[in-house]
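Engineer: Supplied in structure tokens, the structure appears directly below.
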Amino acid sequence: MKNLVKNIGLLLLFFVFISGILVLYGAPKTKPTDVSFSVLVEEINQNQVKKILVDDENLEIELQDGNLQKSIKEREAGLTESLKNYNVDQEKLKAVTIEIKSDSSASFWMGTFLPFIVPFLFIGIFIWFMFRQAQKGNNQALTFGNSRARMVDPKDKNKRITFSDVAGAKEAKEELMEIVEFLKSPHKFLKMGAKIPKGVLLLGSPGTGKTLIAKAVAGEACVPFFNISGSEFVEMFVGVGASRVRDLFKQAKKNAPSIVFIDEIDAVGRQRGAGLGGGHDEREQTLNQILVEMDGFDTNTNVIVIAATNRPDVLDPALLRPGRFDRRVVMDFPDIEERLAILKIHSKTKPLAEGVELRKVAVRTSGFSGADLANLLNEAAILAVRRGKKKVDMQELLESIEKVILGPERKSRRIDEDEKKIIAYHEAGHALIGASLKNVDPVQKVSIVSRGQAGGYTLSSPAKDKTLHSKSYFIDELSVFLGGYVSEKMKFNDVTTGSSNDLERATTMARNLVTRFGMSELGPRTYGHKEEMVFLGREIHEEKNYSEETAREIDKQVTQFIQKAYQVAEKIISEKKAILEKLVAVLLEKETIEQDEFNAIIGGLTPAPVPEKNMSNSNQNR
């Protein structure tokens with residue numbers, strides 16, 4: 001609308017400009033005086049006339065003094081004849097210059113019709129412009145059902161990504177390398193009677209590299225890559241999503257061999273038949289079209305669909321059957337070696353100072369995804385620039401870990417000395433319990449500097465990556481969770497709200513031990529079944545598949561786990577009160593204790609073998 005008003009304004013200004021030029025061009029410098037023919041004869045007889053210009057019956061007269069006049073002669077007779085009829089003095093007439101104006105047809109028509117044509121010309125241009133806008137709107141309406149997919153040209157080396165740009169994910173690369181071979185040399189597989197896979201479903205948590213590895217497949221195969229999000233199919237108008245799906249696969253077939261990548265496919269691929277949206281649910285129609293397109297491929301059509309989601313549990317079964325998404329590739333969180341490789345790739349564009357140990361960063365980032373690691377290095381580079389450094393140092397990298405986990409440091413937050421002391425005892429309690437139990441992860445750092453919503457924090461990370469956790473690990477971790485609560489209560493004979501998050505996590509963990517992991521006295525079974533709404537995608541409630549009597553037993557077991565953990569924490573803090581006081585003193589002085597200094601303070605503290613108690617999370621923030 002703004003462009004339309006602007007263009008109309010420009011046309012109006014152009015019309016005014018042209019009209020002004022015409023007016024200025026056609027206007028005479030001085031306006032001639034009208035005189036009768038008899039007066040003209042009298043002026044000739046008095047030698048007052050210098051020149052007469054004859055334009056048909058119109059006469060333009062220039063006097064000796066420079067004034068201009070105009071008159072009209074008889075139409076049927078010439079000027080000389082008319083003057084004779086009025087008894088002009090022939091001798092005086094010879095002194096007058098007489099010119100006959102010979103107009104060209106072009107100038108005649110221009111002078112006659114141009115003032116009339118310009119307004120109509122302007123109206124015509126305006127009408128053409130309006131029709132052009134209307135046609136543009138019609139074209140947009142006609143192309144409303146076209147695909148919004150973005151194609152990455154394999155010849156564009158600046159945007160091309162290969163497996164060398166993807167660190168880790170060895171098994172996923174091996175699985176997808178066969179897809180690359182299918183796209184490069186389909187005939188050798190067809191000769192063996194092997195059908196080309198129609199779809200690959202990438203499963204994994206956010207940030208694990210699903211989109212990146214899909215681009216790498218296209219880069220390795222050097223084929224066009226059509227990238228679109230599942231939400232881009234669906235509009236408020238029925239049939240638009242299905243039309244866009246048809247257009248997408250039509251483009252992909254024209255450019256075959258090619259790859260169609262649908263990110264967040266759960267936006268349109270959720271399970272059908274929930275009864276919401278009625279028979280004309282646009283999302284359901286879009287899903288139906290995707291199913292038809294995937295199942296309608298010829299064996300010789302080299303188009304492979306790669307889809308990504310972090311919610312495979314809500315996908316429609318029709319998408320997951322053989323013939324649609326034939327392969328499922330899981331993208332896990334990277335282990336320590338893979339994290340190191342990812343850090344090396346993302347650090348290529350960042351100047352690192354001498355002495356930077358990326359392995360140390362990899363050890364401290366257990367549970368980080370590839371996107372988290374990239375963000376970590378970016379935050380470190382920003383922090384280095386803020387401090388006026390030309391290279392990223394180890395200090396910026398370690399601080400960025402805490403920033404990614406907990407948020408930025410809140411140095412401006414003023415904490416009362418009494419509150420600061422409470423926070424110090426709280427965090428020292430966590431750290432002391434963590435150092436005293438053998439099944440928890442080593443403490444990496446203790447700080448009472450506020451970050452995010454945490455007044456202080458204790459960071460711990462495993463010496464090696466874990467995929468399985470034992471009962472003793474969980475029970476020891478319960479004691480670590482309660483360490484801050486116990487430390488506050490024993491020192492001040494009171495507790496604060498600072499332990500709320502610890503208690504919430506401890507309660508959730510204890511309940512999971514009973515209801516999910518089968519690690520309680522109730523035996524090896526689970527309790528409760530989570531019901532989820534497919535369309536809303538959120539957990540609505542938990543179905544109780546047990547009696548009220550069992551519910552009381554579950555609560556009893558949860559309480560026992562927490563009480564035992566409390567007793568263990570209380571015993572350790574009572575026996576090692578001197579070490580606790582030493583930790584608190586250093587925290588109040590320095591506010592932060594790194595791993596080496598922490599180990600020096602606690603000395604050769606031997607982890608206490610406590611029966612049935614242990615667990616630690618990779619990163620604990622209090």
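Labels for the structure tokens follow display order: chains A, B, ..., residues from 1 in each chain, ligands from 1.
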When DSSP works through the backbone of this structure, what residues of range 303-454 of chain A end up as strand (DSSP E or B), shown as a ChimeraX atom specification?

Structural biologist: /A:303-309,315,327-331,352,392,409,437,443-447,451,454

Engineer: What's around range 322-339 of chain A at 9 Å? Count only C-alpha atoms, leave out sequence neighbours fewer than 4 positions away in its own chain, and write the answer as a ChimeraX atom specification.

Structural biologist: /A:167-169,171-172,175-176,197-205,207-210,291,294-295,305-307,318,343-344,359,361-363,365-370,373,464-466

Engineer: From range 147-218 of chain A, collect each residue whose DSSP state is alpha helix (DSSP H) and return the set as a PDB file with all heavy atoms, in the first residue's frame.

Structural biologist:
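Output file states14.pdb is given in full below:
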```
ATOM      1  N   LYS A 170      29.906 -40.536  14.355  1.00  0.00           N
ATOM      2  CA  LYS A 170      30.524 -41.494  13.445  1.00  0.00           C
ATOM      3  C   LYS A 170      29.508 -42.473  12.883  1.00  0.00           C
ATOM      4  O   LYS A 170      29.469 -42.736  11.677  1.00  0.00           O
ATOM      5  CB  LYS A 170      31.631 -42.247  14.191  1.00  0.00           C
ATOM      6  CG  LYS A 170      32.372 -43.248  13.337  1.00  0.00           C
ATOM      7  CD  LYS A 170      33.474 -43.950  14.131  1.00  0.00           C
ATOM      8  CE  LYS A 170      34.197 -44.980  13.272  1.00  0.00           C
ATOM      9  NZ  LYS A 170      35.239 -45.694  14.046  1.00  0.00           N
ATOM     10  N   GLU A 171      28.658 -43.039  13.757  1.00  0.00           N
ATOM     11  CA  GLU A 171      27.668 -44.019  13.301  1.00  0.00           C
ATOM     12  C   GLU A 171      26.650 -43.381  12.369  1.00  0.00           C
ATOM     13  O   GLU A 171      26.230 -43.978  11.375  1.00  0.00           O
ATOM     14  CB  GLU A 171      26.953 -44.653  14.498  1.00  0.00           C
ATOM     15  CG  GLU A 171      27.817 -45.560  15.359  1.00  0.00           C
ATOM     16  CD  GLU A 171      28.750 -44.779  16.267  1.00  0.00           C
ATOM     17  OE1 GLU A 171      28.561 -43.551  16.401  1.00  0.00           O
ATOM     18  OE2 GLU A 171      29.679 -45.392  16.836  1.00  0.00           O
ATOM     19  N   ALA A 172      26.237 -42.144  12.678  1.00  0.00           N
ATOM     20  CA  ALA A 172      25.276 -41.459  11.814  1.00  0.00           C
ATOM     21  C   ALA A 172      25.875 -41.200  10.433  1.00  0.00           C
ATOM     22  O   ALA A 172      25.201 -41.362   9.411  1.00  0.00           O
ATOM     23  CB  ALA A 172      24.846 -40.146  12.467  1.00  0.00           C
ATOM     24  N   LYS A 173      27.143 -40.842  10.391  1.00  0.00           N
ATOM     25  CA  LYS A 173      27.806 -40.614   9.102  1.00  0.00           C
ATOM     26  C   LYS A 173      27.863 -41.900   8.292  1.00  0.00           C
ATOM     27  O   LYS A 173      27.636 -41.894   7.073  1.00  0.00           O
ATOM     28  CB  LYS A 173      29.224 -40.085   9.324  1.00  0.00           C
ATOM     29  CG  LYS A 173      29.296 -38.653   9.826  1.00  0.00           C
ATOM     30  CD  LYS A 173      30.744 -38.235  10.008  1.00  0.00           C
ATOM     31  CE  LYS A 173      30.874 -36.848  10.556  1.00  0.00           C
ATOM     32  NZ  LYS A 173      32.284 -36.449  10.791  1.00  0.00           N
ATOM     33  N   GLU A 174      28.186 -43.008   8.955  1.00  0.00           N
ATOM     34  CA  GLU A 174      28.267 -44.281   8.241  1.00  0.00           C
ATOM     35  C   GLU A 174      26.911 -44.660   7.657  1.00  0.00           C
ATOM     36  O   GLU A 174      26.819 -45.161   6.534  1.00  0.00           O
ATOM     37  CB  GLU A 174      28.764 -45.375   9.186  1.00  0.00           C
ATOM     38  CG  GLU A 174      30.224 -45.216   9.594  1.00  0.00           C
ATOM     39  CD  GLU A 174      30.656 -46.277  10.586  1.00  0.00           C
ATOM     40  OE1 GLU A 174      29.789 -47.047  11.043  1.00  0.00           O
ATOM     41  OE2 GLU A 174      31.860 -46.321  10.926  1.00  0.00           O
ATOM     42  N   GLU A 175      25.853 -44.416   8.427  1.00  0.00           N
ATOM     43  CA  GLU A 175      24.514 -44.750   7.952  1.00  0.00           C
ATOM     44  C   GLU A 175      24.122 -43.867   6.770  1.00  0.00           C
ATOM     45  O   GLU A 175      23.532 -44.337   5.797  1.00  0.00           O
ATOM     46  CB  GLU A 175      23.516 -44.569   9.105  1.00  0.00           C
ATOM     47  CG  GLU A 175      22.119 -45.071   8.801  1.00  0.00           C
ATOM     48  CD  GLU A 175      22.003 -46.583   8.873  1.00  0.00           C
ATOM     49  OE1 GLU A 175      22.951 -47.238   9.340  1.00  0.00           O
ATOM     50  OE2 GLU A 175      20.962 -47.098   8.441  1.00  0.00           O
ATOM     51  N   LEU A 176      24.483 -42.601   6.865  1.00  0.00           N
ATOM     52  CA  LEU A 176      24.099 -41.665   5.812  1.00  0.00           C
ATOM     53  C   LEU A 176      25.022 -41.741   4.606  1.00  0.00           C
ATOM     54  O   LEU A 176      24.650 -41.282   3.520  1.00  0.00           O
ATOM     55  CB  LEU A 176      24.097 -40.239   6.370  1.00  0.00           C
ATOM     56  CG  LEU A 176      23.016 -39.959   7.425  1.00  0.00           C
ATOM     57  CD1 LEU A 176      23.238 -38.613   8.073  1.00  0.00           C
ATOM     58  CD2 LEU A 176      21.632 -40.024   6.796  1.00  0.00           C
ATOM     59  N   MET A 177      26.215 -42.310   4.765  1.00  0.00           N
ATOM     60  CA  MET A 177      27.120 -42.443   3.628  1.00  0.00           C
ATOM     61  C   MET A 177      26.522 -43.351   2.564  1.00  0.00           C
ATOM     62  O   MET A 177      26.763 -43.164   1.370  1.00  0.00           O
ATOM     63  CB  MET A 177      28.468 -42.995   4.098  1.00  0.00           C
ATOM     64  CG  MET A 177      29.522 -43.049   2.994  1.00  0.00           C
ATOM     65  SD  MET A 177      29.808 -41.443   2.192  1.00  0.00           S
ATOM     66  CE  MET A 177      30.738 -40.615   3.476  1.00  0.00           C
ATOM     67  N   GLU A 178      25.720 -44.316   2.991  1.00  0.00           N
ATOM     68  CA  GLU A 178      25.045 -45.179   2.013  1.00  0.00           C
ATOM     69  C   GLU A 178      24.045 -44.367   1.189  1.00  0.00           C
ATOM     70  O   GLU A 178      23.848 -44.638   0.003  1.00  0.00           O
ATOM     71  CB  GLU A 178      24.350 -46.330   2.727  1.00  0.00           C
ATOM     72  CG  GLU A 178      25.310 -47.318   3.390  1.00  0.00           C
ATOM     73  CD  GLU A 178      24.577 -48.514   3.960  1.00  0.00           C
ATOM     74  OE1 GLU A 178      23.361 -48.631   3.711  1.00  0.00           O
ATOM     75  OE2 GLU A 178      25.232 -49.329   4.635  1.00  0.00           O
ATOM     76  N   ILE A 179      23.397 -43.390   1.819  1.00  0.00           N
ATOM     77  CA  ILE A 179      22.477 -42.521   1.080  1.00  0.00           C
ATOM     78  C   ILE A 179      23.245 -41.735   0.026  1.00  0.00           C
ATOM     79  O   ILE A 179      22.792 -41.552  -1.104  1.00  0.00           O
ATOM     80  CB  ILE A 179      21.760 -41.560   2.052  1.00  0.00           C
ATOM     81  CG1 ILE A 179      21.024 -42.346   3.149  1.00  0.00           C
ATOM     82  CG2 ILE A 179      20.807 -40.649   1.298  1.00  0.00           C
ATOM     83  CD1 ILE A 179      19.949 -43.245   2.638  1.00  0.00           C
ATOM     84  N   VAL A 180      24.432 -41.279   0.392  1.00  0.00           N
ATOM     85  CA  VAL A 180      25.286 -40.560  -0.562  1.00  0.00           C
ATOM     86  C   VAL A 180      25.623 -41.457  -1.749  1.00  0.00           C
ATOM     87  O   VAL A 180      25.573 -41.033  -2.909  1.00  0.00           O
ATOM     88  CB  VAL A 180      26.563 -40.060   0.127  1.00  0.00           C
ATOM     89  CG1 VAL A 180      27.506 -39.421  -0.892  1.00  0.00           C
ATOM     90  CG2 VAL A 180      26.227 -39.066   1.231  1.00  0.00           C
ATOM     91  N   GLU A 181      25.964 -42.719  -1.470  1.00  0.00           N
ATOM     92  CA  GLU A 181      26.281 -43.662  -2.543  1.00  0.00           C
ATOM     93  C   GLU A 181      25.073 -43.915  -3.427  1.00  0.00           C
ATOM     94  O   GLU A 181      25.202 -44.041  -4.646  1.00  0.00           O
ATOM     95  CB  GLU A 181      26.786 -44.973  -1.938  1.00  0.00           C
ATOM     96  CG  GLU A 181      28.141 -44.859  -1.264  1.00  0.00           C
ATOM     97  CD  GLU A 181      29.227 -44.494  -2.251  1.00  0.00           C
ATOM     98  OE1 GLU A 181      29.157 -44.946  -3.414  1.00  0.00           O
ATOM     99  OE2 GLU A 181      30.144 -43.741  -1.878  1.00  0.00           O
ATOM    100  N   PHE A 182      23.884 -43.989  -2.831  1.00  0.00           N
ATOM    101  CA  PHE A 182      22.663 -44.166  -3.621  1.00  0.00           C
ATOM    102  C   PHE A 182      22.488 -42.997  -4.594  1.00  0.00           C
ATOM    103  O   PHE A 182      22.132 -43.184  -5.757  1.00  0.00           O
ATOM    104  CB  PHE A 182      21.438 -44.248  -2.704  1.00  0.00           C
ATOM    105  CG  PHE A 182      21.120 -45.649  -2.246  1.00  0.00           C
ATOM    106  CD1 PHE A 182      21.109 -45.965  -0.909  1.00  0.00           C
ATOM    107  CD2 PHE A 182      20.815 -46.641  -3.165  1.00  0.00           C
ATOM    108  CE1 PHE A 182      20.808 -47.240  -0.476  1.00  0.00           C
ATOM    109  CE2 PHE A 182      20.523 -47.925  -2.748  1.00  0.00           C
ATOM    110  CZ  PHE A 182      20.514 -48.230  -1.395  1.00  0.00           C
ATOM    111  N   LEU A 183      22.728 -41.777  -4.098  1.00  0.00           N
ATOM    112  CA  LEU A 183      22.541 -40.600  -4.942  1.00  0.00           C
ATOM    113  C   LEU A 183      23.606 -40.493  -6.021  1.00  0.00           C
ATOM    114  O   LEU A 183      23.329 -40.047  -7.136  1.00  0.00           O
ATOM    115  CB  LEU A 183      22.551 -39.339  -4.071  1.00  0.00           C
ATOM    116  CG  LEU A 183      21.353 -39.163  -3.136  1.00  0.00           C
ATOM    117  CD1 LEU A 183      21.601 -38.023  -2.165  1.00  0.00           C
ATOM    118  CD2 LEU A 183      20.091 -38.897  -3.940  1.00  0.00           C
ATOM    119  N   LYS A 184      24.829 -40.914  -5.701  1.00  0.00           N
ATOM    120  CA  LYS A 184      25.913 -40.829  -6.674  1.00  0.00           C
ATOM    121  C   LYS A 184      25.826 -41.933  -7.716  1.00  0.00           C
ATOM    122  O   LYS A 184      25.984 -41.676  -8.911  1.00  0.00           O
ATOM    123  CB  LYS A 184      27.259 -40.914  -5.945  1.00  0.00           C
ATOM    124  CG  LYS A 184      27.673 -39.641  -5.227  1.00  0.00           C
ATOM    125  CD  LYS A 184      29.068 -39.792  -4.633  1.00  0.00           C
ATOM    126  CE  LYS A 184      29.567 -38.496  -4.028  1.00  0.00           C
ATOM    127  NZ  LYS A 184      30.925 -38.649  -3.447  1.00  0.00           N
ATOM    128  N   PRO A 186      23.203 -44.752  -8.313  1.00  0.00           N
ATOM    129  CA  PRO A 186      22.014 -45.558  -8.018  1.00  0.00           C
ATOM    130  C   PRO A 186      21.945 -46.857  -8.807  1.00  0.00           C
ATOM    131  O   PRO A 186      21.354 -47.835  -8.345  1.00  0.00           O
ATOM    132  CB  PRO A 186      20.853 -44.618  -8.382  1.00  0.00           C
ATOM    133  CG  PRO A 186      21.436 -43.701  -9.409  1.00  0.00           C
ATOM    134  CD  PRO A 186      22.879 -43.518  -9.039  1.00  0.00           C
ATOM    135  N   HIS A 187      22.570 -46.882  -9.979  1.00  0.00           N
ATOM    136  CA  HIS A 187      22.402 -48.050 -10.861  1.00  0.00           C
ATOM    137  C   HIS A 187      23.026 -49.310 -10.285  1.00  0.00           C
ATOM    138  O   HIS A 187      22.490 -50.402 -10.456  1.00  0.00           O
ATOM    139  CB  HIS A 187      22.997 -47.748 -12.239  1.00  0.00           C
ATOM    140  CG  HIS A 187      22.332 -46.594 -12.921  1.00  0.00           C
ATOM    141  ND1 HIS A 187      21.030 -46.644 -13.364  1.00  0.00           N
ATOM    142  CD2 HIS A 187      22.789 -45.345 -13.219  1.00  0.00           C
ATOM    143  CE1 HIS A 187      20.711 -45.488 -13.924  1.00  0.00           C
ATOM    144  NE2 HIS A 187      21.765 -44.676 -13.843  1.00  0.00           N
ATOM    145  N   LYS A 188      24.145 -49.178  -9.590  1.00  0.00           N
ATOM    146  CA  LYS A 188      24.778 -50.386  -9.054  1.00  0.00           C
ATOM    147  C   LYS A 188      23.936 -51.019  -7.952  1.00  0.00           C
ATOM    148  O   LYS A 188      23.987 -52.232  -7.744  1.00  0.00           O
ATOM    149  CB  LYS A 188      26.183 -50.077  -8.560  1.00  0.00           C
ATOM    150  CG  LYS A 188      26.270 -49.180  -7.344  1.00  0.00           C
ATOM    151  CD  LYS A 188      27.732 -48.977  -6.959  1.00  0.00           C
ATOM    152  CE  LYS A 188      27.879 -48.121  -5.718  1.00  0.00           C
ATOM    153  NZ  LYS A 188      29.301 -47.911  -5.356  1.00  0.00           N
ATOM    154  N   PHE A 189      23.120 -50.215  -7.274  1.00  0.00           N
ATOM    155  CA  PHE A 189      22.212 -50.774  -6.273  1.00  0.00           C
ATOM    156  C   PHE A 189      20.985 -51.381  -6.948  1.00  0.00           C
ATOM    157  O   PHE A 189      20.483 -52.420  -6.524  1.00  0.00           O
ATOM    158  CB  PHE A 189      21.781 -49.689  -5.283  1.00  0.00           C
ATOM    159  CG  PHE A 189      22.891 -49.218  -4.384  1.00  0.00           C
ATOM    160  CD1 PHE A 189      23.632 -48.099  -4.713  1.00  0.00           C
ATOM    161  CD2 PHE A 189      23.206 -49.901  -3.220  1.00  0.00           C
ATOM    162  CE1 PHE A 189      24.651 -47.661  -3.897  1.00  0.00           C
ATOM    163  CE2 PHE A 189      24.228 -49.470  -2.400  1.00  0.00           C
ATOM    164  CZ  PHE A 189      24.957 -48.346  -2.737  1.00  0.00           C
ATOM    165  N   LEU A 190      20.500 -50.708  -8.015  1.00  0.00           N
ATOM    166  CA  LEU A 190      19.329 -51.217  -8.722  1.00  0.00           C
ATOM    167  C   LEU A 190      19.629 -52.542  -9.407  1.00  0.00           C
ATOM    168  O   LEU A 190      18.754 -53.413  -9.516  1.00  0.00           O
ATOM    169  CB  LEU A 190      18.847 -50.186  -9.745  1.00  0.00           C
ATOM    170  CG  LEU A 190      18.306 -48.862  -9.170  1.00  0.00           C
ATOM    171  CD1 LEU A 190      17.983 -47.889 -10.291  1.00  0.00           C
ATOM    172  CD2 LEU A 190      17.073 -49.128  -8.319  1.00  0.00           C
ATOM    173  N   LYS A 191      20.866 -52.716  -9.875  1.00  0.00           N
ATOM    174  CA  LYS A 191      21.237 -53.980 -10.501  1.00  0.00           C
ATOM    175  C   LYS A 191      21.163 -55.145  -9.528  1.00  0.00           C
ATOM    176  O   LYS A 191      20.906 -56.284  -9.908  1.00  0.00           O
ATOM    177  CB  LYS A 191      22.652 -53.874 -11.079  1.00  0.00           C
ATOM    178  CG  LYS A 191      22.741 -53.024 -12.336  1.00  0.00           C
ATOM    179  CD  LYS A 191      24.164 -52.969 -12.865  1.00  0.00           C
ATOM    180  CE  LYS A 191      24.258 -52.107 -14.112  1.00  0.00           C
ATOM    181  NZ  LYS A 191      25.658 -52.025 -14.616  1.00  0.00           N
ATOM    182  N   LYS A 210      21.201 -32.142  13.581  1.00  0.00           N
ATOM    183  CA  LYS A 210      20.373 -32.844  12.593  1.00  0.00           C
ATOM    184  C   LYS A 210      20.361 -32.090  11.261  1.00  0.00           C
ATOM    185  O   LYS A 210      20.560 -32.685  10.206  1.00  0.00           O
ATOM    186  CB  LYS A 210      18.945 -33.012  13.142  1.00  0.00           C
ATOM    187  CG  LYS A 210      18.869 -33.819  14.429  1.00  0.00           C
ATOM    188  CD  LYS A 210      17.441 -34.031  14.882  1.00  0.00           C
ATOM    189  CE  LYS A 210      16.785 -32.760  15.343  1.00  0.00           C
ATOM    190  NZ  LYS A 210      17.402 -32.214  16.560  1.00  0.00           N
ATOM    191  N   THR A 211      20.129 -30.791  11.310  1.00  0.00           N
ATOM    192  CA  THR A 211      20.111 -29.997  10.077  1.00  0.00           C
ATOM    193  C   THR A 211      21.484 -29.965   9.426  1.00  0.00           C
ATOM    194  O   THR A 211      21.618 -30.063   8.200  1.00  0.00           O
ATOM    195  CB  THR A 211      19.640 -28.570  10.383  1.00  0.00           C
ATOM    196  OG1 THR A 211      18.347 -28.609  10.991  1.00  0.00           O
ATOM    197  CG2 THR A 211      19.580 -27.742   9.115  1.00  0.00           C
ATOM    198  N   LEU A 212      22.517 -29.846  10.235  1.00  0.00           N
ATOM    199  CA  LEU A 212      23.879 -29.764   9.709  1.00  0.00           C
ATOM    200  C   LEU A 212      24.260 -31.036   8.965  1.00  0.00           C
ATOM    201  O   LEU A 212      24.832 -30.986   7.867  1.00  0.00           O
ATOM    202  CB  LEU A 212      24.855 -29.511  10.862  1.00  0.00           C
ATOM    203  CG  LEU A 212      26.323 -29.310  10.472  1.00  0.00           C
ATOM    204  CD1 LEU A 212      26.479 -28.043   9.643  1.00  0.00           C
ATOM    205  CD2 LEU A 212      27.195 -29.242  11.715  1.00  0.00           C
ATOM    206  N   ILE A 213      23.941 -32.191   9.526  1.00  0.00           N
ATOM    207  CA  ILE A 213      24.340 -33.440   8.876  1.00  0.00           C
ATOM    208  C   ILE A 213      23.491 -33.704   7.633  1.00  0.00           C
ATOM    209  O   ILE A 213      23.954 -34.342   6.680  1.00  0.00           O
ATOM    210  CB  ILE A 213      24.259 -34.615   9.876  1.00  0.00           C
ATOM    211  CG1 ILE A 213      25.188 -35.746   9.404  1.00  0.00           C
ATOM    212  CG2 ILE A 213      22.830 -35.122  10.045  1.00  0.00           C
ATOM    213  CD1 ILE A 213      25.447 -36.811  10.452  1.00  0.00           C
ATOM    214  N   ALA A 214      22.249 -33.174   7.609  1.00  0.00           N
ATOM    215  CA  ALA A 214      21.433 -33.297   6.396  1.00  0.00           C
ATOM    216  C   ALA A 214      22.052 -32.485   5.260  1.00  0.00           C
ATOM    217  O   ALA A 214      22.117 -32.940   4.108  1.00  0.00           O
ATOM    218  CB  ALA A 214      20.007 -32.832   6.672  1.00  0.00           C
ATOM    219  N   LYS A 215      22.535 -31.292   5.563  1.00  0.00           N
ATOM    220  CA  LYS A 215      23.230 -30.485   4.554  1.00  0.00           C
ATOM    221  C   LYS A 215      24.519 -31.166   4.107  1.00  0.00           C
ATOM    222  O   LYS A 215      24.907 -31.071   2.940  1.00  0.00           O
ATOM    223  CB  LYS A 215      23.537 -29.099   5.124  1.00  0.00           C
ATOM    224  CG  LYS A 215      22.321 -28.222   5.337  1.00  0.00           C
ATOM    225  CD  LYS A 215      22.729 -26.855   5.869  1.00  0.00           C
ATOM    226  CE  LYS A 215      21.518 -25.951   6.080  1.00  0.00           C
ATOM    227  NZ  LYS A 215      21.907 -24.629   6.625  1.00  0.00           N
ATOM    228  N   ALA A 216      25.179 -31.839   5.048  1.00  0.00           N
ATOM    229  CA  ALA A 216      26.426 -32.523   4.710  1.00  0.00           C
ATOM    230  C   ALA A 216      26.177 -33.677   3.739  1.00  0.00           C
ATOM    231  O   ALA A 216      27.004 -33.942   2.868  1.00  0.00           O
ATOM    232  CB  ALA A 216      27.094 -33.048   5.982  1.00  0.00           C
ATOM    233  N   VAL A 217      25.036 -34.359   3.865  1.00  0.00           N
ATOM    234  CA  VAL A 217      24.692 -35.437   2.931  1.00  0.00           C
ATOM    235  C   VAL A 217      24.553 -34.871   1.523  1.00  0.00           C
ATOM    236  O   VAL A 217      25.078 -35.425   0.551  1.00  0.00           O
ATOM    237  CB  VAL A 217      23.390 -36.139   3.362  1.00  0.00           C
ATOM    238  CG1 VAL A 217      22.938 -37.134   2.306  1.00  0.00           C
ATOM    239  CG2 VAL A 217      23.581 -36.853   4.693  1.00  0.00           C
ATOM    240  N   ALA A 218      23.851 -33.738   1.406  1.00  0.00           N
ATOM    241  CA  ALA A 218      23.693 -33.108   0.094  1.00  0.00           C
ATOM    242  C   ALA A 218      25.035 -32.626  -0.443  1.00  0.00           C
ATOM    243  O   ALA A 218      25.312 -32.728  -1.645  1.00  0.00           O
ATOM    244  CB  ALA A 218      22.712 -31.942   0.194  1.00  0.00           C
TER     245      ALA A 218
END
```

Engineer: How far is it from CA of Leu459 in chain A to CA of Val446 in chain A, in Å with one decimal?

Structural biologist: 6.4 Å

Engineer: Counting only C-alpha atoms, which residue out of A:Cys222, A:Leu513, A:Val568, A:Val443 sits closest to His469 in chain A?

Structural biologist: A:Leu513

Engineer: Leaving out Ala380 in chain A and any residue of its chain fewer than 5 positions from it, which residues lie within 7 Å of it when counting only C-alpha atoms, given as an MDAnalysis selection string?

Structural biologist: chainID A and resid 392 396:397 400

Engineer: Ala600 in chain A: which residues within 12 Å, counting only C-alpha atoms, same-chain residues fewer than 5 positions away excluded, as a PyMOL selection string?

Structural biologist: chain A and resi 435+579+582-583+586+593-595+605

Engineer: Name the residues in contact with Ile100 in chain A at a cut-off of 10 Å, using only C-alpha atoms, excluding same-chain residues fewer than 4 positions from it; report them as number ranges by chain.

Structural biologist: A: 52-56, 59, 79

Engineer: I'd like the contact shell of Ala381 in chain A - 10 Å cut-off, only C-alpha atoms, skipping same-chain residues fewer than 4 positions apart - returned as a ChimeraX atom specification.

Structural biologist: /A:347,350-352,375-377,385-387,389-393,396-397,400

Engineer: Near Thr458 in chain A, counting only C-alpha atoms, which residues have an atom at most 12 Å away, once you skip same-chain residues fewer than 3 positions from it, shown as an NGL selection string?

Structural biologist: :A and (402 or 405-406 or 423-435 or 441-451 or 454-455 or 461 or 480-481 or 483-484 or 502 or 587 or 591-595 or 598 or 616-622)

Engineer: To one decimal place, how far is CA of Met509 in chain A from CA of Gly456 in chain A in Å?

Structural biologist: 21.7 Å

Engineer: Pick the closest to Asn67 in chain A from A:Glu293, A:Glu549, A:Glu354, A:Asp34: which is it, counting only C-alpha atoms?

Structural biologist: A:Asp34
